[in-house]
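Participant: The following file, structure15.cif, comprises mmCIF, C-alpha atoms:
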data_query
#
loop_
_atom_site.label_atom_id
_atom_site.label_comp_id
_atom_site.auth_asym_id
_atom_site.auth_seq_id
_atom_site.Cartn_x
_atom_site.Cartn_y
_atom_site.Cartn_z
CA MET A 5 33.59 -25.89 -65.14
CA SER A 6 30.96 -28.46 -65.94
CA ALA A 7 27.22 -28.58 -65.70
CA TYR A 8 27.73 -31.86 -63.87
CA ARG A 9 28.86 -29.96 -60.84
CA ASP A 10 25.89 -27.66 -61.05
CA GLU A 11 23.63 -30.72 -61.04
CA ASP A 12 21.19 -29.40 -63.55
CA PRO A 13 18.43 -32.02 -63.47
CA ARG A 14 18.85 -32.72 -67.16
CA ILE A 15 22.45 -33.86 -66.75
CA GLN A 16 21.66 -37.17 -65.10
CA GLY A 17 19.32 -38.11 -67.94
CA ILE A 18 22.04 -37.29 -70.46
CA LYS A 19 24.72 -39.21 -68.60
CA THR A 20 22.66 -42.41 -68.44
CA LYS A 21 22.14 -42.31 -72.19
CA ILE A 22 25.82 -42.47 -73.06
CA ARG A 23 26.88 -46.03 -73.69
CA VAL A 24 30.35 -47.20 -72.75
CA VAL A 25 31.80 -49.79 -75.13
CA PRO A 26 34.83 -51.59 -73.70
CA ASN A 27 37.91 -52.31 -75.77
CA PHE A 28 37.04 -50.08 -78.72
CA PRO A 29 38.87 -49.19 -80.91
CA LYS A 30 41.50 -51.28 -79.13
CA PRO A 31 41.91 -53.21 -75.86
CA GLY A 32 41.87 -51.10 -72.73
CA ILE A 33 39.89 -48.21 -74.15
CA MET A 34 36.43 -47.56 -72.71
CA PHE A 35 34.76 -45.86 -75.65
CA GLN A 36 32.13 -43.23 -74.89
CA ASP A 37 29.35 -43.87 -77.39
CA ILE A 38 27.04 -40.90 -77.88
CA THR A 39 24.90 -42.59 -80.54
CA THR A 40 22.62 -43.96 -77.83
CA LEU A 41 22.04 -40.41 -76.61
CA LEU A 42 20.91 -39.46 -80.12
CA LEU A 43 18.23 -42.16 -79.95
CA ASP A 44 16.52 -40.35 -77.08
CA PRO A 45 14.94 -37.19 -78.50
CA LYS A 46 14.46 -35.60 -75.09
CA ALA A 47 18.02 -36.26 -73.92
CA PHE A 48 19.44 -35.06 -77.25
CA LYS A 49 17.34 -31.90 -77.05
CA ASP A 50 18.41 -31.32 -73.43
CA THR A 51 22.04 -31.64 -74.50
CA ILE A 52 21.66 -28.96 -77.13
CA ASP A 53 19.58 -26.74 -74.83
CA LEU A 54 22.27 -26.78 -72.15
CA PHE A 55 24.84 -25.43 -74.62
CA VAL A 56 22.43 -22.96 -76.19
CA GLU A 57 21.45 -21.53 -72.80
CA ARG A 58 25.10 -20.99 -72.02
CA TYR A 59 26.09 -19.36 -75.32
CA LYS A 60 23.16 -17.40 -76.68
CA GLY A 61 23.43 -13.68 -76.19
CA LYS A 62 27.23 -13.94 -75.95
CA ASN A 63 27.79 -12.52 -79.43
CA ILE A 64 29.23 -15.72 -80.80
CA SER A 65 29.23 -15.69 -84.59
CA VAL A 66 31.03 -18.98 -85.31
CA VAL A 67 30.49 -22.53 -84.14
CA ALA A 68 33.32 -24.75 -85.37
CA GLY A 69 32.61 -28.47 -85.24
CA ILE A 70 35.23 -31.18 -85.44
CA GLU A 71 34.61 -34.00 -87.89
CA ALA A 72 32.60 -36.13 -87.53
CA ARG A 73 30.74 -36.18 -84.20
CA GLY A 74 31.20 -32.43 -83.80
CA PHE A 75 29.01 -32.18 -86.91
CA ILE A 76 26.12 -33.70 -84.95
CA PHE A 77 26.17 -31.26 -82.04
CA GLY A 78 27.61 -28.11 -83.60
CA PRO A 79 24.92 -27.27 -86.19
CA PRO A 80 21.92 -27.39 -83.83
CA ILE A 81 23.79 -25.08 -81.45
CA ALA A 82 24.80 -22.76 -84.28
CA LEU A 83 21.25 -22.58 -85.61
CA ALA A 84 19.82 -21.80 -82.19
CA ILE A 85 22.28 -19.03 -81.35
CA GLY A 86 22.33 -17.50 -84.85
CA ALA A 87 25.96 -18.36 -85.59
CA LYS A 88 27.47 -19.83 -88.71
CA PHE A 89 28.69 -23.41 -88.66
CA VAL A 90 32.23 -24.15 -89.81
CA PRO A 91 33.24 -27.78 -90.29
CA LEU A 92 36.82 -28.65 -89.35
CA ARG A 93 37.79 -31.68 -91.36
CA LYS A 94 40.35 -34.39 -91.98
CA PRO A 95 42.69 -33.70 -94.91
CA ARG A 96 41.40 -33.49 -98.48
CA LYS A 97 37.71 -33.49 -97.62
CA LEU A 98 37.08 -29.75 -97.97
CA PRO A 99 36.94 -28.82 -101.67
CA GLY A 100 38.07 -25.21 -101.56
CA GLU A 101 41.27 -23.55 -100.49
CA VAL A 102 42.16 -24.58 -96.93
CA ILE A 103 44.51 -23.89 -94.12
CA SER A 104 45.85 -26.93 -92.25
CA GLU A 105 47.05 -27.57 -88.74
CA GLU A 106 49.04 -30.65 -87.91
CA TYR A 107 48.79 -32.30 -84.52
CA ILE A 108 50.41 -35.19 -82.70
CA LEU A 109 48.68 -38.52 -82.07
CA GLU A 110 49.75 -41.32 -79.78
CA TYR A 111 51.53 -42.83 -82.77
CA GLY A 112 52.19 -40.41 -85.60
CA ARG A 113 50.40 -37.27 -86.71
CA ASP A 114 47.12 -36.09 -88.15
CA CYS A 115 45.86 -32.91 -89.71
CA LEU A 116 42.79 -30.71 -89.36
CA GLU A 117 41.66 -28.33 -92.11
CA MET A 118 39.40 -25.31 -92.42
CA HIS A 119 38.24 -23.40 -95.48
CA VAL A 120 39.99 -20.11 -96.15
CA GLY A 121 37.53 -17.26 -95.76
CA ALA A 122 35.05 -19.18 -93.61
CA VAL A 123 35.96 -17.15 -90.55
CA GLU A 124 36.97 -13.51 -90.39
CA PRO A 125 39.33 -11.73 -88.03
CA GLY A 126 37.64 -10.60 -84.86
CA GLU A 127 34.85 -13.16 -84.93
CA ARG A 128 34.00 -14.87 -81.64
CA ALA A 129 34.03 -18.65 -81.93
CA LEU A 130 33.10 -21.80 -80.08
CA VAL A 131 34.74 -25.13 -80.80
CA VAL A 132 32.44 -28.13 -80.39
CA ASP A 133 33.23 -31.82 -80.22
CA ASP A 134 31.55 -34.79 -78.55
CA LEU A 135 34.48 -35.53 -76.25
CA ILE A 136 37.82 -34.19 -75.03
CA ALA A 137 40.50 -36.77 -74.34
CA THR A 138 44.12 -35.56 -74.59
CA GLY A 139 43.02 -32.25 -76.10
CA GLY A 140 45.18 -32.60 -79.20
CA THR A 141 42.36 -32.23 -81.70
CA LEU A 142 40.76 -29.32 -79.84
CA CYS A 143 44.12 -27.61 -79.71
CA ALA A 144 44.54 -27.94 -83.46
CA ALA A 145 41.04 -26.55 -83.93
CA MET A 146 41.75 -23.54 -81.74
CA ASN A 147 44.99 -22.89 -83.58
CA LEU A 148 43.20 -22.85 -86.93
CA LEU A 149 40.72 -20.28 -85.70
CA GLU A 150 43.30 -18.12 -84.01
CA ARG A 151 45.55 -18.15 -87.06
CA VAL A 152 42.82 -16.37 -89.03
CA GLY A 153 42.32 -13.88 -86.24
CA ALA A 154 39.20 -15.26 -84.59
CA GLU A 155 38.79 -15.25 -80.84
CA VAL A 156 38.08 -18.68 -79.37
CA VAL A 157 35.66 -17.93 -76.55
CA GLU A 158 35.34 -21.49 -75.25
CA CYS A 159 35.62 -25.16 -76.14
CA ALA A 160 32.47 -27.16 -75.53
CA CYS A 161 32.19 -30.94 -75.27
CA LEU A 162 29.63 -33.36 -73.94
CA ILE A 163 32.19 -35.56 -72.25
CA GLU A 164 35.57 -35.05 -70.61
CA LEU A 165 38.04 -37.79 -69.68
CA PRO A 166 39.79 -35.92 -66.87
CA GLU A 167 42.57 -38.51 -66.42
CA LEU A 168 43.91 -37.58 -69.86
CA GLN A 169 44.32 -33.96 -68.75
CA GLY A 170 43.10 -32.42 -71.98
CA ARG A 171 41.79 -29.39 -70.12
CA GLY A 172 45.32 -28.30 -69.35
CA ARG A 173 46.34 -28.50 -72.99
CA LEU A 174 44.05 -25.75 -74.19
CA ASN A 175 46.50 -22.86 -73.71
CA GLY A 176 44.36 -21.38 -70.98
CA LYS A 177 41.19 -21.42 -73.02
CA PRO A 178 38.07 -22.29 -71.03
CA LEU A 179 36.47 -25.69 -71.46
CA TYR A 180 32.83 -26.44 -70.73
CA VAL A 181 31.60 -30.02 -70.48
CA LEU A 182 28.37 -31.65 -69.45
CA VAL A 183 29.67 -34.91 -67.98
CA GLU A 184 32.97 -36.35 -66.83
CA TYR A 185 33.88 -39.98 -67.18
CA GLN A 186 36.24 -41.22 -64.47
CA MET B 2 53.15 -26.61 -88.03
CA GLU B 3 51.40 -24.53 -90.60
CA ILE B 4 50.62 -25.77 -94.07
CA MET B 5 48.90 -23.79 -96.77
CA HIS B 6 47.93 -25.44 -99.97
CA LYS B 7 45.39 -25.04 -102.71
CA ALA B 8 42.82 -27.74 -103.18
CA SER B 9 42.92 -27.14 -106.90
CA SER B 10 46.28 -26.63 -108.53
CA SER B 11 44.75 -24.96 -111.56
CA LEU B 12 43.83 -21.65 -109.92
CA SER B 13 45.60 -18.99 -111.88
CA CYS B 14 45.20 -15.93 -109.72
CA LYS B 15 44.97 -15.15 -106.06
CA ILE B 16 42.09 -13.43 -104.36
CA SER B 17 42.47 -11.52 -101.13
CA PHE B 18 40.30 -13.21 -98.54
CA PHE B 19 40.73 -10.70 -95.76
CA PRO B 20 39.39 -7.30 -96.78
CA SER B 21 38.99 -4.60 -94.16
CA PRO B 22 36.01 -5.17 -91.90
CA ASP B 23 33.89 -2.38 -93.41
CA ASN B 24 34.39 -3.62 -96.92
CA ILE B 25 31.27 -5.55 -97.82
CA VAL B 26 32.16 -7.81 -100.67
CA SER B 27 29.54 -10.03 -102.14
CA PRO B 28 30.71 -13.40 -103.41
CA ARG B 29 28.27 -12.92 -106.24
CA THR B 30 30.68 -10.50 -107.87
CA LEU B 31 32.88 -13.53 -108.49
CA ALA B 32 30.25 -16.20 -108.84
CA THR B 33 27.51 -14.45 -110.82
CA PRO B 34 28.88 -14.94 -114.35
CA PHE B 35 28.76 -18.69 -114.13
CA ARG B 36 25.81 -19.37 -111.90
CA HIS B 37 23.01 -18.32 -114.17
CA SER B 38 22.01 -15.39 -116.32
CA SER B 39 18.45 -14.92 -115.11
CA ALA B 40 17.05 -11.44 -114.73
CA SER B 41 16.78 -12.00 -111.02
CA SER B 42 20.54 -12.16 -110.54
CA ASN B 43 20.76 -8.45 -109.73
CA SER B 44 18.17 -8.65 -107.02
CA GLN B 45 19.91 -11.74 -105.73
CA LEU B 46 23.14 -9.75 -105.60
CA GLN B 47 21.42 -7.06 -103.56
CA GLN B 48 19.78 -9.67 -101.38
CA LEU B 49 23.12 -11.24 -100.63
CA GLN B 50 24.69 -7.90 -99.80
CA LEU B 51 21.88 -7.21 -97.37
CA ASN B 52 21.97 -10.62 -95.79
CA ARG B 53 25.65 -11.25 -95.66
CA SER B 54 27.67 -8.53 -94.03
CA LYS B 55 30.37 -11.05 -93.26
CA ASP B 56 30.98 -12.51 -96.66
CA TYR B 57 32.70 -15.60 -97.78
CA ARG B 58 34.59 -15.32 -101.01
CA PRO B 59 34.71 -18.48 -103.12
CA ALA B 60 38.22 -19.76 -103.67
CA ARG B 61 38.18 -19.29 -107.40
CA SER B 62 40.08 -17.27 -109.95
CA PRO B 63 37.93 -14.73 -111.83
CA LEU B 64 39.40 -16.15 -115.05
CA ARG B 65 37.65 -19.46 -114.38
CA CYS B 66 34.28 -17.80 -113.77
CA THR B 67 33.54 -17.17 -117.41
CA ALA B 68 34.69 -20.65 -118.42
CA SER B 69 32.18 -22.48 -116.25
CA ASP B 70 28.95 -21.08 -117.56
CA SER B 71 27.37 -24.50 -117.75
CA VAL B 72 26.47 -24.56 -114.06
CA LYS B 73 22.90 -23.50 -113.63
CA ARG B 74 20.35 -24.14 -110.96
CA GLN B 75 16.71 -24.96 -111.31
CA GLU B 76 14.77 -24.16 -108.24
CA MET B 77 12.04 -26.46 -107.08
CA ALA B 78 8.51 -25.41 -107.90
CA GLY B 79 6.58 -24.16 -104.95
CA LYS B 80 4.75 -21.29 -103.38
CA ASP B 81 6.24 -17.77 -103.56
CA GLY B 82 7.49 -17.82 -99.98
CA GLN B 83 9.17 -21.15 -100.56
CA ASP B 84 10.68 -19.90 -103.85
CA SER B 85 12.57 -17.03 -102.29
CA ARG B 86 14.00 -19.26 -99.60
CA ILE B 87 15.10 -21.79 -102.18
CA GLN B 88 16.70 -19.12 -104.36
CA LYS B 89 18.78 -17.97 -101.41
CA ILE B 90 19.75 -21.53 -100.57
CA SER B 91 20.75 -22.24 -104.13
CA SER B 92 22.90 -19.14 -104.43
CA ALA B 93 24.62 -19.90 -101.14
CA ILE B 94 26.00 -23.17 -102.48
CA ARG B 95 29.44 -22.87 -104.00
CA VAL B 96 30.57 -24.93 -106.98
CA ILE B 97 34.21 -25.98 -107.04
CA PRO B 98 35.44 -27.18 -110.43
CA ASP B 99 37.69 -30.23 -110.71
CA PHE B 100 37.26 -31.52 -107.17
CA PRO B 101 38.03 -34.22 -106.15
CA LYS B 102 39.25 -34.86 -109.70
CA PRO B 103 39.18 -33.17 -113.11
CA GLY B 104 35.75 -32.85 -114.68
CA ILE B 105 33.78 -32.99 -111.44
CA MET B 106 31.87 -29.84 -110.43
CA PHE B 107 31.74 -30.25 -106.67
CA GLN B 108 28.69 -28.84 -104.87
CA ASP B 109 30.09 -27.26 -101.72
CA ILE B 110 27.45 -26.79 -99.00
CA THR B 111 29.92 -25.31 -96.49
CA THR B 112 29.14 -21.84 -97.84
CA LEU B 113 25.45 -22.47 -97.14
CA LEU B 114 26.37 -23.18 -93.53
CA LEU B 115 27.99 -19.75 -93.29
CA ASP B 116 24.72 -18.05 -94.21
CA THR B 117 22.72 -18.31 -91.03
CA LYS B 118 19.38 -17.48 -92.62
CA ALA B 119 19.86 -19.80 -95.58
CA PHE B 120 20.95 -22.67 -93.32
CA ARG B 121 17.91 -22.13 -91.10
CA ASP B 122 15.66 -21.97 -94.17
CA THR B 123 17.11 -25.25 -95.42
CA ILE B 124 16.23 -27.00 -92.19
CA ASP B 125 12.81 -25.30 -92.03
CA LEU B 126 11.90 -26.53 -95.51
CA PHE B 127 12.54 -30.13 -94.49
CA VAL B 128 10.87 -29.75 -91.10
CA GLU B 129 7.74 -28.23 -92.63
CA ARG B 130 7.48 -31.21 -94.94
CA TYR B 131 8.02 -33.93 -92.35
CA LYS B 132 6.81 -32.71 -89.01
CA ASP B 133 3.33 -34.22 -88.99
CA LYS B 134 4.22 -37.41 -90.79
CA ASP B 135 4.79 -39.63 -87.77
CA ILE B 136 8.47 -40.07 -88.51
CA SER B 137 10.43 -41.51 -85.63
CA VAL B 138 13.86 -41.94 -87.25
CA VAL B 139 16.11 -39.58 -89.16
CA ALA B 140 19.10 -41.46 -90.57
CA GLY B 141 22.00 -39.29 -91.69
CA ILE B 142 24.81 -40.42 -93.95
CA GLU B 143 28.36 -39.63 -92.86
CA ALA B 144 29.58 -36.99 -92.83
CA ARG B 145 27.54 -34.18 -94.41
CA GLY B 146 24.29 -35.94 -93.54
CA PHE B 147 25.36 -35.39 -89.93
CA ILE B 148 25.08 -31.64 -90.45
CA PHE B 149 21.50 -31.59 -91.78
CA GLY B 150 19.98 -34.65 -90.11
CA PRO B 151 20.21 -33.75 -86.40
CA PRO B 152 18.53 -30.32 -86.63
CA ILE B 153 15.67 -31.93 -88.57
CA ALA B 154 15.42 -34.80 -86.08
CA LEU B 155 15.36 -32.42 -83.12
CA ALA B 156 12.66 -30.26 -84.67
CA ILE B 157 10.34 -33.16 -85.53
CA GLY B 158 10.98 -35.13 -82.33
CA ALA B 159 12.67 -38.09 -84.04
CA LYS B 160 15.79 -39.95 -83.08
CA PHE B 161 18.93 -39.44 -85.12
CA VAL B 162 20.80 -42.49 -86.42
CA PRO B 163 24.23 -42.01 -87.98
CA MET B 164 25.05 -44.24 -90.96
CA ARG B 165 28.81 -44.56 -91.02
CA LYS B 166 31.84 -45.77 -92.91
CA PRO B 167 33.27 -49.08 -91.67
CA ASN B 168 34.88 -49.40 -88.23
CA LYS B 169 33.65 -46.07 -86.88
CA LEU B 170 30.64 -47.23 -84.87
CA PRO B 171 31.80 -48.86 -81.63
CA GLY B 172 28.97 -51.27 -80.96
CA GLU B 173 27.57 -54.21 -82.84
CA VAL B 174 26.68 -53.17 -86.39
CA ILE B 175 25.00 -54.38 -89.52
CA SER B 176 26.78 -53.60 -92.78
CA GLU B 177 25.69 -53.05 -96.35
CA GLU B 178 28.14 -53.12 -99.22
CA TYR B 179 27.62 -50.89 -102.22
CA SER B 180 29.35 -50.22 -105.53
CA LEU B 181 31.57 -47.29 -106.31
CA GLU B 182 32.80 -46.23 -109.71
CA TYR B 183 35.86 -48.38 -108.98
CA GLY B 184 35.40 -51.00 -106.28
CA THR B 185 33.03 -51.12 -103.35
CA ASP B 186 32.46 -49.43 -100.01
CA LYS B 187 30.49 -50.33 -96.91
CA MET B 188 27.94 -48.52 -94.80
CA GLU B 189 27.16 -49.48 -91.19
CA MET B 190 24.41 -48.90 -88.65
CA HIS B 191 24.24 -49.88 -84.98
CA VAL B 192 22.19 -52.95 -84.16
CA GLY B 193 19.21 -51.91 -82.09
CA ALA B 194 19.23 -48.27 -83.13
CA VAL B 195 15.96 -48.68 -84.97
CA GLU B 196 13.05 -51.06 -84.49
CA ALA B 197 10.85 -52.87 -86.94
CA GLY B 198 7.86 -50.78 -87.92
CA GLU B 199 9.47 -47.41 -87.37
CA ARG B 200 9.05 -44.75 -90.07
CA ALA B 201 12.31 -43.24 -91.29
CA LEU B 202 13.77 -40.47 -93.36
CA ILE B 203 17.23 -40.67 -94.87
CA ILE B 204 19.20 -37.44 -95.16
CA ASP B 205 22.30 -36.55 -97.11
CA ASP B 206 23.59 -33.27 -98.55
CA LEU B 207 23.46 -34.51 -102.14
CA ILE B 208 22.28 -37.37 -104.33
CA ALA B 209 24.52 -38.25 -107.27
CA THR B 210 24.26 -41.83 -108.57
CA GLY B 211 22.13 -42.87 -105.60
CA GLY B 212 24.44 -45.70 -104.56
CA THR B 213 24.95 -44.46 -101.01
CA LEU B 214 21.29 -43.72 -100.46
CA CYS B 215 20.38 -47.14 -101.77
CA ALA B 216 22.70 -48.78 -99.27
CA ALA B 217 21.10 -46.76 -96.48
CA ILE B 218 17.61 -47.78 -97.60
CA ARG B 219 18.63 -51.43 -97.63
CA LEU B 220 20.14 -51.22 -94.14
CA LEU B 221 16.96 -49.80 -92.69
CA GLU B 222 14.64 -52.15 -94.57
CA ARG B 223 16.67 -55.15 -93.46
CA VAL B 224 15.62 -54.43 -89.89
CA GLY B 225 11.99 -53.86 -90.80
CA VAL B 226 11.91 -50.07 -90.93
CA HIS B 227 9.68 -48.28 -93.41
CA VAL B 228 11.69 -45.69 -95.33
CA VAL B 229 9.18 -42.92 -95.99
CA GLU B 230 11.42 -40.70 -98.11
CA CYS B 231 14.99 -39.74 -98.95
CA ALA B 232 15.76 -36.05 -98.56
CA CYS B 233 18.75 -34.16 -99.94
CA VAL B 234 19.63 -30.52 -100.33
CA ILE B 235 20.96 -31.06 -103.89
CA GLU B 236 20.23 -33.47 -106.72
CA LEU B 237 22.45 -34.02 -109.76
CA PRO B 238 19.71 -35.13 -112.17
CA GLU B 239 22.07 -36.18 -114.96
CA LEU B 240 23.37 -38.99 -112.76
CA LYS B 241 19.87 -40.49 -112.49
CA GLY B 242 20.06 -41.26 -108.81
CA ARG B 243 16.33 -40.77 -108.49
CA GLU B 244 15.70 -43.73 -110.79
CA ARG B 245 18.06 -45.87 -108.78
CA LEU B 246 15.92 -45.37 -105.70
CA GLY B 247 13.13 -47.22 -107.42
CA ASP B 248 9.86 -46.79 -105.63
CA LYS B 249 11.38 -44.73 -102.80
CA PRO B 250 10.38 -41.07 -103.03
CA LEU B 251 13.11 -38.45 -103.16
CA PHE B 252 12.72 -34.83 -102.07
CA VAL B 253 15.37 -32.24 -102.89
CA LEU B 254 15.59 -28.48 -102.58
CA VAL B 255 17.77 -27.63 -105.58
CA ASN B 256 19.12 -29.22 -108.72
CA GLY B 257 22.78 -28.80 -109.54
CA ALA B 258 22.77 -29.25 -113.27
#
Taking this structure as input, can you express it in the form of structure tokens?
Facilitator:
Amino acid sequence: MSAYRDEDPRIQGIKTKIRVVPNFPKPGIMFQDITTLLLDPKAFKDTIDLFVERYKGKNISVVAGIEARGFIFGPPIALAIGAKFVPLRKPRKLPGEVISEEYILEYGRDCLEMHVGAVEPGERALVVDDLIATGGTLCAAMNLLERVGAEVVECACLIELPELQGRGRLNGKPLYVLVEYQ
Amino acid sequence: MEIMHKASSSLSCKISFFPSPDNIVSPRTLATPFRHSSASSNSQLQQLQLNRSKDYRPARSPLRCTASDSVKRQEMAGKDGQDSRIQKISSAIRVIPDFPKPGIMFQDITTLLLDTKAFRDTIDLFVERYKDKDISVVAGIEARGFIFGPPIALAIGAKFVPMRKPNKLPGEVISEEYSLEYGTDKMEMHVGAVEAGERALIIDDLIATGGTLCAAIRLLERVGVHVVECACVIELPELKGRERLGDKPLFVLVNGA
């Protein structure tokens, strides 16, 4: 489900602020650049408000944000709904004891890590990132949380690339996005 | 595929991280011996137990606690209300010895982010300072500056500009090289993100030698922005980063000595 379909009046303003950069990081990729959205205080605030309105009062105690652009959107949501923020990071960035989840890339593998003890069994969690493409990273994030006994309530992204079918890779977990890029 | 490993190989005993839900364990029972020995530590312990029903235990062996007594925090001077917020912020920061390499006492702010009140207080302290200062840009340094910068920017009505490692920003960038202990690194900002004459803050979680902050200042000044102040949660005063900023003011919440 996406707010795009609900045509909240704020969505159009958000969509026009996302800049598409062709051929980054390599030829053929149309990169969705959210930094231009961050330059518009009203559009940035609307973005956060749309997520906060959806999630406050839902007893969510954890917002997990995926490095690095998930760090931009996750904390303001966490602060507004009274949840803790848990950064999910590339290997060897987190200083304490971690659990790791490996995931497949187009070529090769990568790893996502979370601090041991950051999340407790039974907590209700959101996973936040700027964009869902193939869903590989979000899947790894959900696995980390579920391995420590948390319940992933929903994944939340600004942007979805529907052609890459990431939504179907989330093991049945709901996905909420603000805009789709076709 | 599941991988479990310890960040520090020198931990000598395991701690159970998953007590039963009604067991309220304060991390202070592990951390207190080597944070500081002030008379207020008991009330801090109680405060933490009241505030943190879902506790986060530091990943440290109790045997190491007594060895690391040198870590102490000096809170910033301020009014009483500000003092109690800063005390809570300070005690929510976890110190990890020997990360990323032996001899370094790493200031881990992720535990602060787990304490909803302390995280909110952190942001409030910066917002109170900057909200009527006509600041239109908050620049945050990748990656932990991305955690603190956006909430401040949103609250004061400024834009947020990420300052990133090379090859992350997709559009046209300007770059600034800076020195590391061994070698150099580069920081980048999008062309057109900021305009000449804008007033900016630079945010990061911590200032050490000041090299990264200096690079950020130079990037902004190169495009005609006025850097009003640098703001960090933590300062490591022994590394003299403040001096390296020259005439640029620095505001921090806590010292990690």
Participant: Give the answer as one residue: which of A:Leu162, A:Leu98, A:Leu109, A:Leu92 has the shortest atom-to-atom distance to Leu148 in chain A, using only C-alpha atoms?
Facilitator: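 Smallest distance to Leu148 in chain A is found for A:Leu92.
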Participant: Can you check which residues of chain A have any atom within 6 Å of chain B? Use only C-alpha atoms and format it as a PDB file with C-alpha atoms, in the coordinates of the input.
Facilitator:
ATOM      1  CA  LEU A  42      20.910 -39.460 -80.120  1.00  0.00           C
ATOM      2  CA  LEU A  43      18.230 -42.160 -79.950  1.00  0.00           C
ATOM      3  CA  PRO A  45      14.940 -37.190 -78.500  1.00  0.00           C
ATOM      4  CA  PHE A  75      29.010 -32.180 -86.910  1.00  0.00           C
ATOM      5  CA  ILE A  76      26.120 -33.700 -84.950  1.00  0.00           C
ATOM      6  CA  PRO A  80      21.920 -27.390 -83.830  1.00  0.00           C
ATOM      7  CA  LYS A  88      27.470 -19.830 -88.710  1.00  0.00           C
ATOM      8  CA  PHE A  89      28.690 -23.410 -88.660  1.00  0.00           C
ATOM      9  CA  GLY A 100      38.070 -25.210-101.560  1.00  0.00           C
ATOM     10  CA  GLU A 101      41.270 -23.550-100.490  1.00  0.00           C
ATOM     11  CA  ILE A 103      44.510 -23.890 -94.120  1.00  0.00           C
ATOM     12  CA  SER A 104      45.850 -26.930 -92.250  1.00  0.00           C
ATOM     13  CA  GLU A 105      47.050 -27.570 -88.740  1.00  0.00           C
ATOM     14  CA  GLU A 106      49.040 -30.650 -87.910  1.00  0.00           C
ATOM     15  CA  GLY A 121      37.530 -17.260 -95.760  1.00  0.00           C
ATOM     16  CA  ALA A 122      35.050 -19.180 -93.610  1.00  0.00           C
TER      17      ALA A 122
END
Participant: Could you please determine the separation between CA of Glu158 in chain A and CA of Glu117 in chain A in Å, to one decimal place?
Facilitator: 19.3 Å
Participant: Using all atoms listed in the file, which residue out of A:Arg93, A:Val181, A:Thr39, A:Gln169 lies closest to Met190 in chain B?
Facilitator: A:Thr39
Participant: Using only C-alpha atoms, pick whichever of B:Arg219, B:Arg243, B:Lys102, B:Lys249 has the shortest atom-to-atom distance to Met164 in chain B.
Facilitator: B:Arg219
Participant: What do you get, as a list in words, if you spell out every residue that the PyMOL selection byres ((chain B and resi 176) around 7) selects here?
Facilitator: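 Expected selection for the PyMOL selection byres ((chain B and resi 176) around 7) here is Val174, Ile175, Glu177, Glu178, Lys187, Met188, Glu189 and Met190 of chain B.
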Participant: Specify the axis-aligned box that encloses all atoms of range 123-136 of chain A listed in the file after padding of 8 Å on each side, stating its centre and edge lengths in Å to one decimal as AutoDock Vina command-line options.
Facilitator:
--center_x 35.4 --center_y -23.1 --center_z -82.8 --size_x 23.8 --size_y 40.9 --size_z 31.5
Participant: Got a sec to resolve the PyMOL selection byres ((chain B and resi 180-182) around 10) on this structure and send the residues as a compact mmCIF listing (two decimals) with C-alpha atoms, in the coordinates of the input?
Facilitator:
# COMPACT_ATOMS: atom_id res chain seq x y z
CA GLU B 178 28.14 -53.12 -99.22
CA TYR B 179 27.62 -50.89 -102.22
CA TYR B 183 35.86 -48.38 -108.98
CA GLY B 184 35.40 -51.00 -106.28
CA THR B 185 33.03 -51.12 -103.35
CA ASP B 186 32.46 -49.43 -100.01
CA LYS B 187 30.49 -50.33 -96.91
CA THR B 210 24.26 -41.83 -108.57
CA GLY B 212 24.44 -45.70 -104.56
CA THR B 213 24.95 -44.46 -101.01
CA ALA B 216 22.70 -48.78 -99.27
Participant: Please, can range 18-23 of chain A be completed to N, CA, C and O atoms and returned as a short mmCIF file (atom, residue, chain, number, x, y, z; two decimals), in the frame of the given file?
Facilitator:
data_model
loop_
_atom_site.label_atom_id
_atom_site.label_comp_id
_atom_site.auth_asym_id
_atom_site.auth_seq_id
_atom_site.Cartn_x
_atom_site.Cartn_y
_atom_site.Cartn_z
N ILE A 18 21.07 -37.24 -69.36
CA ILE A 18 22.04 -37.29 -70.46
C ILE A 18 23.11 -38.32 -70.17
O ILE A 18 23.46 -39.16 -71.02
N LYS A 19 23.62 -38.31 -68.95
CA LYS A 19 24.72 -39.21 -68.60
C LYS A 19 24.30 -40.67 -68.77
O LYS A 19 25.07 -41.50 -69.27
N THR A 20 23.08 -41.01 -68.36
CA THR A 20 22.66 -42.41 -68.44
C THR A 20 22.46 -42.88 -69.87
O THR A 20 22.39 -44.07 -70.13
N LYS A 21 22.37 -41.92 -70.80
CA LYS A 21 22.14 -42.31 -72.19
C LYS A 21 23.44 -42.56 -72.96
O LYS A 21 23.39 -43.00 -74.11
N ILE A 22 24.55 -42.24 -72.38
CA ILE A 22 25.82 -42.47 -73.06
C ILE A 22 26.26 -43.89 -72.78
O ILE A 22 26.33 -44.32 -71.63
N ARG A 23 26.52 -44.62 -73.83
CA ARG A 23 26.88 -46.03 -73.69
C ARG A 23 28.40 -46.18 -73.70
O ARG A 23 29.08 -45.59 -74.54
#
